[in-house]
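Presented below is the structure to which this report refers.
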Amino acid sequence: MSSGSLLTAALLVLSAGGQLAAQDAWPAYTAPFQRGPGFYLAFWKIFALLFIVWMWVKSADWVSRDSRELGEAIGLPSRIWNPVMVFSFLIGFLAAVTIPIFFAGGLVALLAYAGPFIAYVAIRNGKVTDDQKVFTPSHLKNWFANLGKRTRKARDAQHAWQMGPQVDISAVGPLQMENQQALIEARQSPAYVSVKYLLADALSQRTERIMLDYTAEGVGVNYLIDGVWHNAAPKVHEKQQLDRQLGDQMLAVLKRVCHLKMEERRARQDGKLKLEFGGTKYDATFSSQGTQTGERAVLQFIPITKHVRTLEELGMRDKLREQLPELIGPGHHGLVIFAAMPGDGLTATWQAALRSTDRLMRDFIAVEDIHKREPDVENVDCSKYDSAKGETPEGVIPKLFLKLPEVICIPEIASTEALKLLLKYIVTEDRLGIISLKAKDAADALLRVLALKVPANEVAPILKGVVYTRLVRRLCETCREAYQPEPALLQKLGIPQGRVQVLYREKQPPQPGQEKKKGEPEICPDCRGIGYKGRIALYEFLVVDDKVKEALVKDPKAETIKKLARAAGNRSLQDEGILLVALGTTSITELQRALKQ
């Protein structure tokens, strides 16, 4: 049928219907209930819904602020409760407006708002102290008594701990209730804000540790920046200088957050806390110890970061990175040693070196003390032992042999029996063993292995090499100064004449009568006047050849090993450091300082 025919038929039907209606052929329709004329509003219903929405907005805002302040410490984080408060009400409200009976819909909207809010308050009050509980009879009584009486000054005083720089401090412990109690008591101290000033000043300068030395005269403050201690004079109060009284109050705050005895000033105490500043989170350790002149407290910061630096980022040259697979790459077996001085990047090198290997093709297993854990490396299984319970690595290693791993890694090895088991496994199964330890240089690392009382004729034949690292500070590229070196200096450094036109050094203080350059700041904004910013690693590879193995058995002396290594073409730390000096990465004075350690 055509569209014209359909239209004609529709018109005929409508015409016939109209005639029947006019003749009362169709009975009149009667609605089951009478409706009004429509097009009107019930304002009291709108106001009731708006009141529920207003209550929800105020309550959700309070939950958001309260969970940010206390949530992490009591197990009610804002990242969970904010969505609960928002989406539960939105879903309930949308359901409520579809219900034709107003009172039923209003009840649904009210429950969607009040249910999550009451649940949060009930759980929260069960985890905080009595003075922190809300919507209790005493809290409501106090609130109504002070209604309209709180001035801006009073409100500000109530949250005085929030003043100062944006530094978030969290207590660390097994019980969230105790953590919250410690943080609440610490915040009540007037020195809490001073602690925030100290932490912000230190962290903004990339400080690794803060040392507070208490004497009868006052408090000395030192920052460890890029491995070097510097005197510091932080501003910890708007009007008051850091004196002994304020320093004692600040120390009490730190001890309380770390669950330590505030009155104990002689015995050693150790604790932990967490910090967040400038978008970076830190694990921090705190220790205090009595001294002859008073007390010393040290606060160490460990940034929490997901970025793992590669060997190239750490400073290992291309040629050395190409040489590393000859020690720990596939198809190689024997014992390889990673070594460094304390604080010279051994952990970072260990982690980066393992990540550079083919862990997907070979089975790697690490043996670690749970109290000295190394950062996790993907596809490296970790077998743990607890030295505090008397467990030892040699108790774990035999079980690993059943899995026939191709590589066994033991960081910070200190057990003779563990080393003997590892050596036996390497020889029997033709596998690779990787260990790490503290040493002064690569030659000293070999002697440290012998110091574990393992016969030299057993360990020397399977030694492959040593990867040694030491950190030097980078010159600040903003304020470093170029100078033309004397030919005698270049000759002493072994740099061919004409190869380098200028060397660099840290910014020197102005000479008497010397005018400052126009627009030059008094203190470099990048390095804060230190002259250095950041560190880079020097790497020394010592390949253990037959002559070195023979020396370890017959004449195990550091100087003998160094001479043989140099004759075989191994570059020393000094050689690697001079290359960085020639490139302008560091200075001669910094290289001398680092090599003297």
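Residue numbering restarts at 1 for every chain of the structure tokens, chains are lettered A, B, ... in their displayed order, and ligands are numbered from 1 as they appear.
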
Quick one: everything within 6 Å of region 378-389 of chain A, counting only C-alpha atoms, minus sequence neighbours fewer than 3 positions away in the same chain. Send it as an MDAnalysis selection string.
chainID A and resid 359 364:370

Once DSSP has gone over the backbone, tell me which residues of region 297-506 of chain A are in helix (DSSP H, G or I), as a VMD selection string.
chain A and resid 311 to 314 318 to 323 325 to 328 346 to 355 387 to 389 393 to 401 416 to 429 442 to 450 456 to 462 487 to 493

For region 338-350 of chain A, list every protein, DNA or RNA residue within 9 Å, evaluated using only C-alpha atoms, and leave out those in the same chain fewer than 5 positions away; present the list as a ChimeraX atom specification.
/A:227,308-311,314,355,374-375,411,434-442,445,465-472,537,597

Those same residues, written as a JSON list (two decimals), in the first residue's frame with C-alpha atoms?
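Resulting contents of out.json:
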```json
[["chain", "number", "residue", "atom", "x", "y", "z"],
["A", 227, "GLY", "CA", 76.88, 12.57, 50.98],
["A", 308, "VAL", "CA", 64.28, 2.56, 39.11],
["A", 309, "ARG", "CA", 67.42, 4.12, 37.67],
["A", 310, "THR", "CA", 69.31, 2.23, 35.02],
["A", 311, "LEU", "CA", 73.07, 1.71, 34.98],
["A", 314, "LEU", "CA", 73.65, 5.97, 37.56],
["A", 355, "ARG", "CA", 67.51, -5.59, 36.05],
["A", 374, "GLU", "CA", 66.99, -5.00, 49.02],
["A", 375, "PRO", "CA", 64.47, -3.41, 46.61],
["A", 411, "PRO", "CA", 73.44, -9.31, 49.17],
["A", 434, "ILE", "CA", 76.42, -12.90, 42.81],
["A", 435, "ILE", "CA", 77.23, -11.40, 46.20],
["A", 436, "SER", "CA", 77.64, -7.89, 47.58],
["A", 437, "LEU", "CA", 79.66, -6.50, 50.47],
["A", 438, "LYS", "CA", 81.24, -3.33, 51.85],
["A", 439, "ALA", "CA", 84.83, -2.58, 50.82],
["A", 440, "LYS", "CA", 87.26, 0.30, 50.27],
["A", 441, "ASP", "CA", 87.99, -0.62, 46.64],
["A", 442, "ALA", "CA", 87.85, -3.54, 44.23],
["A", 445, "ALA", "CA", 86.57, -6.58, 48.09],
["A", 465, "GLY", "CA", 85.40, -10.21, 38.82],
["A", 466, "VAL", "CA", 84.44, -7.26, 40.99],
["A", 467, "VAL", "CA", 82.12, -4.36, 40.17],
["A", 468, "TYR", "CA", 83.01, -1.51, 42.53],
["A", 469, "THR", "CA", 81.22, 1.83, 42.77],
["A", 470, "ARG", "CA", 81.76, 5.16, 44.48],
["A", 471, "LEU", "CA", 79.71, 8.35, 44.27],
["A", 472, "VAL", "CA", 81.02, 11.83, 43.48],
["A", 537, "ALA", "CA", 78.72, 6.96, 40.23],
["A", 597, "GLN", "CA", 87.13, 8.23, 51.87]]
```

I'd like the neighbourhood of region 278-286 of chain A as number ranges by chain, where a residue qualifies if any of its atoms comes within 12 Å (using only C-alpha atoms), though same-chain residues fewer than 6 positions away should be ignored.
A: 165-172, 199-212, 251, 253-260, 268-272, 296-306

Residues near region 318-324 of chain A, anyone? I mean within 12 Å using only C-alpha atoms, not counting same-chain ones fewer than 2 positions away, as JSON, numbers by chain.
{"A": [310, 311, 312, 313, 314, 315, 316, 326, 327, 328, 329, 330, 332, 336, 337, 338, 349, 352, 353, 354, 356, 357, 464, 465, 466, 467, 468, 538, 539, 540, 541, 542, 543, 570, 571, 576]}

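Every protein, DNA or RNA residue with an atom at most 9 Å from Val581 (chain A), where only C-alpha atoms count and chain neighbours fewer than 6 positions away do not, is listed here: Leu503, Tyr504, Ser587, Ile588 and Leu591 of chain A.
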
C-alpha atoms of the current selection, written as an mmCIF file, in the first residue's frame:
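What ended up in result.cif:
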```
data_model
loop_
_atom_site.group_PDB
_atom_site.id
_atom_site.type_symbol
_atom_site.label_atom_id
_atom_site.label_comp_id
_atom_site.auth_asym_id
_atom_site.auth_seq_id
_atom_site.Cartn_x
_atom_site.Cartn_y
_atom_site.Cartn_z
ATOM 1 C CA LEU A 503 88.242 22.585 33.511
ATOM 2 C CA TYR A 504 85.416 23.429 35.886
ATOM 3 C CA SER A 587 85.837 19.009 39.990
ATOM 4 C CA ILE A 588 89.317 17.976 41.004
ATOM 5 C CA LEU A 591 87.301 13.808 43.143
#
```

Test item: residues at most 8 Å from Leu432 (chain A), only C-alpha atoms, excluding those fewer than 4 positions along its chain, as a PyMOL selection string:
chain A and resi 328+332-336+406-408+426
